[in-house]
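Here's the structure we're looking at; comments come further down.
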Amino acid sequence: MRIALFEPEIAGNVGAILRLGACFGAAVDLIEPMGFEWDDRRVRRTAMDYIDHVSITRHADFDAFRAAIGPRRLVLFTTKSRESAYDFRFMADDVLFFGKESAGVPAAIADSCPAKVRIPMRPQVRSMNLATSAALALGEALRQTGTLPS
């Protein structure tokens, strides 16, 4: 299982997701450009020493990312989907894909994703924090596939 972040904008979110990946054994892909300068200090502040326990791959752009991950299924998490992540059937080699905090992913990239799901939430609110969404998504995907750490 992998988590992919499209052009993330907030270093703290990336750090929290790296820590999440370390705790659950999920690799993290970062698709550039990022909205902050990549330096260990900024990301390490949130990821702490967990950053040493997660596989991180940075990709120059979306095309480079797609080429690197091969035929794995991209599961886009988007508020625009009608399918709940809790009704969706995850596979152990899925890539859980999240857009940038301010705008998600461009329509052309969303259209290229074979699966689109949403995390159900109350209609009075727009969206969740990126790191919170990734945690909910990864927990459910690992639970369904029987690959939660013991």
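Starting from 1 in every chain, residues are counted up; chains themselves are A, B, ... following the order of the structure tokens, and ligands are numbered from 1 as listed.
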
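Using only C-alpha atoms, the residues found no farther than 8 Å from A:Val28, other than those of its own chain fewer than 4 positions away, are Arg2, Ile3, Ala4, Leu5, Ile17, Leu18, Gly21, Val54, Ser55, Ile56 and Thr57 of chain A.
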
Identify all residues of stretch 4-132 of chain A in strand (DSSP E) (DSSP on the backbone) and supply them as a short mmCIF file (atom, residue, chain, number, x, y, z; two decimals) with C-alpha atoms, in the first residue's frame.
```
data_model
loop_
_atom_site.label_atom_id
_atom_site.label_comp_id
_atom_site.auth_asym_id
_atom_site.auth_seq_id
_atom_site.Cartn_x
_atom_site.Cartn_y
_atom_site.Cartn_z
CA ALA A 4 0.68 9.59 -2.97
CA LEU A 5 0.42 13.34 -2.46
CA PHE A 6 -0.07 15.57 -5.51
CA ALA A 27 5.45 4.08 1.36
CA VAL A 28 4.83 7.74 0.53
CA ASP A 29 5.14 9.33 -2.92
CA LEU A 30 5.50 13.12 -3.20
CA ILE A 31 4.60 14.60 -6.58
CA ILE A 56 9.79 8.30 0.54
CA THR A 57 9.95 8.83 -3.21
CA ARG A 58 9.88 12.29 -4.78
CA HIS A 59 8.69 12.62 -8.38
CA LEU A 74 -4.71 4.85 -8.27
CA VAL A 75 -7.54 5.44 -5.82
CA LEU A 76 -8.28 9.16 -5.78
CA PHE A 77 -9.80 10.57 -2.60
CA VAL A 95 -2.02 3.74 -4.27
CA LEU A 96 -4.13 6.05 -2.10
CA PHE A 97 -3.97 9.33 -3.99
CA PHE A 98 -4.61 12.79 -2.51
CA ALA A 115 -11.19 4.71 -8.86
CA LYS A 116 -12.54 7.76 -7.04
CA VAL A 117 -13.88 7.64 -3.49
#
```

Of the residues A:Gln144, A:Ser84, A:Ser150, A:Ser102, which is the one nearest to A:Leu130, using only C-alpha atoms?
-> A:Ser102

The distance between atom CA of A:Arg82 and atom CA of A:Ile119 is 9.5 Å

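Restricting the calculation to only C-alpha atoms, the smallest distance between A:Arg89 and any of A:Glu9, A:Glu140, A:Glu32, A:Glu37 is found for A:Glu140.
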
Spatial neighbours of A:Ser127, 12 Å, only C-alpha atoms, chain gap at least 2 places, as a ChimeraX atom specification | /A:77-80,99,101-104,118-125,129-133

Dump N, CA, C and O atoms for the selected residues as an mmCIF file, in the first residue's frame?
```cif
data_model
loop_
_atom_site.group_PDB
_atom_site.id
_atom_site.type_symbol
_atom_site.label_atom_id
_atom_site.label_comp_id
_atom_site.auth_asym_id
_atom_site.auth_seq_id
_atom_site.Cartn_x
_atom_site.Cartn_y
_atom_site.Cartn_z
ATOM 1 N N PHE A 77 -8.884 10.115 -3.653
ATOM 2 C CA PHE A 77 -9.797 10.566 -2.600
ATOM 3 C C PHE A 77 -10.208 11.987 -2.941
ATOM 4 O O PHE A 77 -9.375 12.878 -3.035
ATOM 5 N N THR A 78 -11.512 12.167 -3.152
ATOM 6 C CA THR A 78 -12.028 13.458 -3.599
ATOM 7 C C THR A 78 -13.430 13.683 -3.043
ATOM 8 O O THR A 78 -14.224 12.747 -2.959
ATOM 9 N N THR A 79 -13.716 14.924 -2.706
ATOM 10 C CA THR A 79 -15.056 15.266 -2.241
ATOM 11 C C THR A 79 -16.061 15.199 -3.388
ATOM 12 O O THR A 79 -17.268 15.223 -3.150
ATOM 13 N N LYS A 80 -15.590 15.089 -4.618
ATOM 14 C CA LYS A 80 -16.477 15.059 -5.785
ATOM 15 C C LYS A 80 -17.019 13.657 -6.099
ATOM 16 O O LYS A 80 -17.859 13.507 -6.968
ATOM 17 N N GLY A 99 -4.992 14.960 -3.504
ATOM 18 C CA GLY A 99 -4.633 16.200 -4.167
ATOM 19 C C GLY A 99 -4.097 17.233 -3.204
ATOM 20 O O GLY A 99 -4.082 17.047 -1.985
ATOM 21 N N GLU A 101 -3.809 20.583 -0.961
ATOM 22 C CA GLU A 101 -4.752 21.061 0.053
ATOM 23 C C GLU A 101 -5.725 22.103 -0.487
ATOM 24 O O GLU A 101 -6.904 22.086 -0.136
ATOM 25 N N SER A 102 -5.282 23.001 -1.335
ATOM 26 C CA SER A 102 -6.137 24.109 -1.773
ATOM 27 C C SER A 102 -7.021 23.794 -2.963
ATOM 28 O O SER A 102 -8.030 24.454 -3.169
ATOM 29 N N ALA A 103 -6.664 22.782 -3.764
ATOM 30 C CA ALA A 103 -7.388 22.605 -5.028
ATOM 31 C C ALA A 103 -7.566 21.164 -5.484
ATOM 32 O O ALA A 103 -8.087 20.947 -6.575
ATOM 33 N N GLY A 104 -7.135 20.191 -4.731
ATOM 34 C CA GLY A 104 -7.246 18.807 -5.178
ATOM 35 C C GLY A 104 -6.311 18.533 -6.348
ATOM 36 O O GLY A 104 -5.180 18.985 -6.361
ATOM 37 N N ARG A 118 -14.761 8.929 -1.669
ATOM 38 C CA ARG A 118 -14.818 10.046 -0.733
ATOM 39 C C ARG A 118 -14.898 9.502 0.679
ATOM 40 O O ARG A 118 -15.305 8.360 0.902
ATOM 41 N N ILE A 119 -14.499 10.324 1.607
ATOM 42 C CA ILE A 119 -14.691 10.010 3.020
ATOM 43 C C ILE A 119 -15.971 10.715 3.432
ATOM 44 O O ILE A 119 -16.061 11.949 3.317
ATOM 45 N N PRO A 120 -16.979 9.969 3.874
ATOM 46 C CA PRO A 120 -18.254 10.612 4.221
ATOM 47 C C PRO A 120 -18.079 11.618 5.364
ATOM 48 O O PRO A 120 -17.350 11.367 6.327
ATOM 49 N N MET A 121 -18.735 12.752 5.215
ATOM 50 C CA MET A 121 -18.724 13.761 6.276
ATOM 51 C C MET A 121 -20.014 14.581 6.204
ATOM 52 O O MET A 121 -20.755 14.491 5.225
ATOM 53 N N ARG A 122 -20.233 15.349 7.202
ATOM 54 C CA ARG A 122 -21.439 16.177 7.263
ATOM 55 C C ARG A 122 -21.465 17.183 6.115
ATOM 56 O O ARG A 122 -20.419 17.707 5.729
ATOM 57 N N PRO A 123 -22.650 17.480 5.574
ATOM 58 C CA PRO A 123 -22.737 18.380 4.422
ATOM 59 C C PRO A 123 -22.424 19.845 4.747
ATOM 60 O O PRO A 123 -22.168 20.633 3.837
ATOM 61 N N GLN A 124 -22.391 20.216 6.006
ATOM 62 C CA GLN A 124 -22.136 21.607 6.386
ATOM 63 C C GLN A 124 -20.661 21.996 6.255
ATOM 64 O O GLN A 124 -20.313 23.161 6.411
ATOM 65 N N VAL A 125 -19.791 21.029 5.994
ATOM 66 C CA VAL A 125 -18.360 21.306 5.914
ATOM 67 C C VAL A 125 -17.817 20.903 4.549
ATOM 68 O O VAL A 125 -18.398 20.074 3.862
ATOM 69 N N ASN A 129 -8.746 17.879 6.933
ATOM 70 C CA ASN A 129 -7.307 18.084 6.826
ATOM 71 C C ASN A 129 -6.703 16.913 6.039
ATOM 72 O O ASN A 129 -7.136 15.768 6.173
ATOM 73 N N LEU A 130 -5.708 17.197 5.229
ATOM 74 C CA LEU A 130 -5.085 16.180 4.389
ATOM 75 C C LEU A 130 -4.540 15.008 5.202
ATOM 76 O O LEU A 130 -4.758 13.843 4.854
ATOM 77 N N ALA A 131 -3.826 15.282 6.270
ATOM 78 C CA ALA A 131 -3.244 14.205 7.068
ATOM 79 C C ALA A 131 -4.328 13.368 7.745
ATOM 80 O O ALA A 131 -4.206 12.137 7.832
ATOM 81 N N THR A 132 -5.402 13.999 8.191
ATOM 82 C CA THR A 132 -6.516 13.267 8.790
ATOM 83 C C THR A 132 -7.173 12.362 7.754
ATOM 84 O O THR A 132 -7.463 11.194 8.026
ATOM 85 N N SER A 133 -7.377 12.888 6.557
ATOM 86 C CA SER A 133 -7.970 12.093 5.479
ATOM 87 C C SER A 133 -7.095 10.891 5.142
ATOM 88 O O SER A 133 -7.593 9.773 4.961
#
```

Residues flagged alpha helix (DSSP H) by DSSP in chain A, as a ChimeraX atom specification = /A:11-24,40-47,62-69,107-111,130-145

Save out the residues we just selected, C-alpha atoms, as an mmCIF file, in the first residue's frame.
```
data_model
loop_
_atom_site.group_PDB
_atom_site.id
_atom_site.type_symbol
_atom_site.label_atom_id
_atom_site.label_comp_id
_atom_site.auth_asym_id
_atom_site.auth_seq_id
_atom_site.Cartn_x
_atom_site.Cartn_y
_atom_site.Cartn_z
ATOM 1 C CA ALA A 11 5.099 20.841 5.285
ATOM 2 C CA GLY A 12 3.306 19.856 8.497
ATOM 3 C CA ASN A 13 0.804 17.721 6.590
ATOM 4 C CA VAL A 14 3.600 15.966 4.723
ATOM 5 C CA GLY A 15 5.441 15.336 7.991
ATOM 6 C CA ALA A 16 2.326 13.884 9.629
ATOM 7 C CA ILE A 17 1.710 11.626 6.619
ATOM 8 C CA LEU A 18 5.322 10.442 6.658
ATOM 9 C CA ARG A 19 4.864 9.512 10.310
ATOM 10 C CA LEU A 20 1.614 7.729 9.406
ATOM 11 C CA GLY A 21 3.433 5.799 6.671
ATOM 12 C CA ALA A 22 6.171 4.809 9.107
ATOM 13 C CA CYS A 23 3.673 3.558 11.687
ATOM 14 C CA PHE A 24 1.649 1.498 9.206
ATOM 15 C CA ASP A 40 14.503 17.878 6.617
ATOM 16 C CA ARG A 41 14.050 20.412 9.432
ATOM 17 C CA ARG A 42 10.628 21.593 8.273
ATOM 18 C CA VAL A 43 9.255 18.134 7.586
ATOM 19 C CA ARG A 44 11.087 16.460 10.454
ATOM 20 C CA ARG A 45 9.388 18.812 12.936
ATOM 21 C CA THR A 46 6.138 16.859 12.467
ATOM 22 C CA ALA A 47 7.518 13.509 11.294
ATOM 23 C CA PHE A 62 2.630 13.452 -12.324
ATOM 24 C CA ASP A 63 3.925 11.747 -15.477
ATOM 25 C CA ALA A 64 7.139 10.704 -13.712
ATOM 26 C CA PHE A 65 5.063 9.387 -10.810
ATOM 27 C CA ARG A 66 2.814 7.311 -13.117
ATOM 28 C CA ALA A 67 5.842 5.869 -14.869
ATOM 29 C CA ALA A 68 7.444 4.934 -11.540
ATOM 30 C CA ILE A 69 4.438 3.170 -9.996
ATOM 31 C CA ALA A 107 -9.655 17.398 -13.898
ATOM 32 C CA ALA A 108 -7.416 15.638 -16.440
ATOM 33 C CA ILE A 109 -5.545 13.857 -13.647
ATOM 34 C CA ALA A 110 -8.781 12.974 -11.835
ATOM 35 C CA ASP A 111 -10.121 11.527 -15.094
ATOM 36 C CA LEU A 130 -5.085 16.180 4.389
ATOM 37 C CA ALA A 131 -3.244 14.205 7.068
ATOM 38 C CA THR A 132 -6.516 13.267 8.790
ATOM 39 C CA SER A 133 -7.970 12.093 5.479
ATOM 40 C CA ALA A 134 -4.883 10.019 4.730
ATOM 41 C CA ALA A 135 -5.061 8.388 8.170
ATOM 42 C CA LEU A 136 -8.719 7.438 7.771
ATOM 43 C CA ALA A 137 -8.121 6.158 4.234
ATOM 44 C CA LEU A 138 -5.033 4.117 5.058
ATOM 45 C CA GLY A 139 -6.617 2.600 8.164
ATOM 46 C CA GLU A 140 -9.668 1.439 6.209
ATOM 47 C CA ALA A 141 -7.629 0.157 3.249
ATOM 48 C CA LEU A 142 -5.299 -1.843 5.506
ATOM 49 C CA ARG A 143 -8.233 -3.187 7.539
ATOM 50 C CA GLN A 144 -10.039 -4.362 4.421
ATOM 51 C CA THR A 145 -6.960 -6.025 2.949
#
```
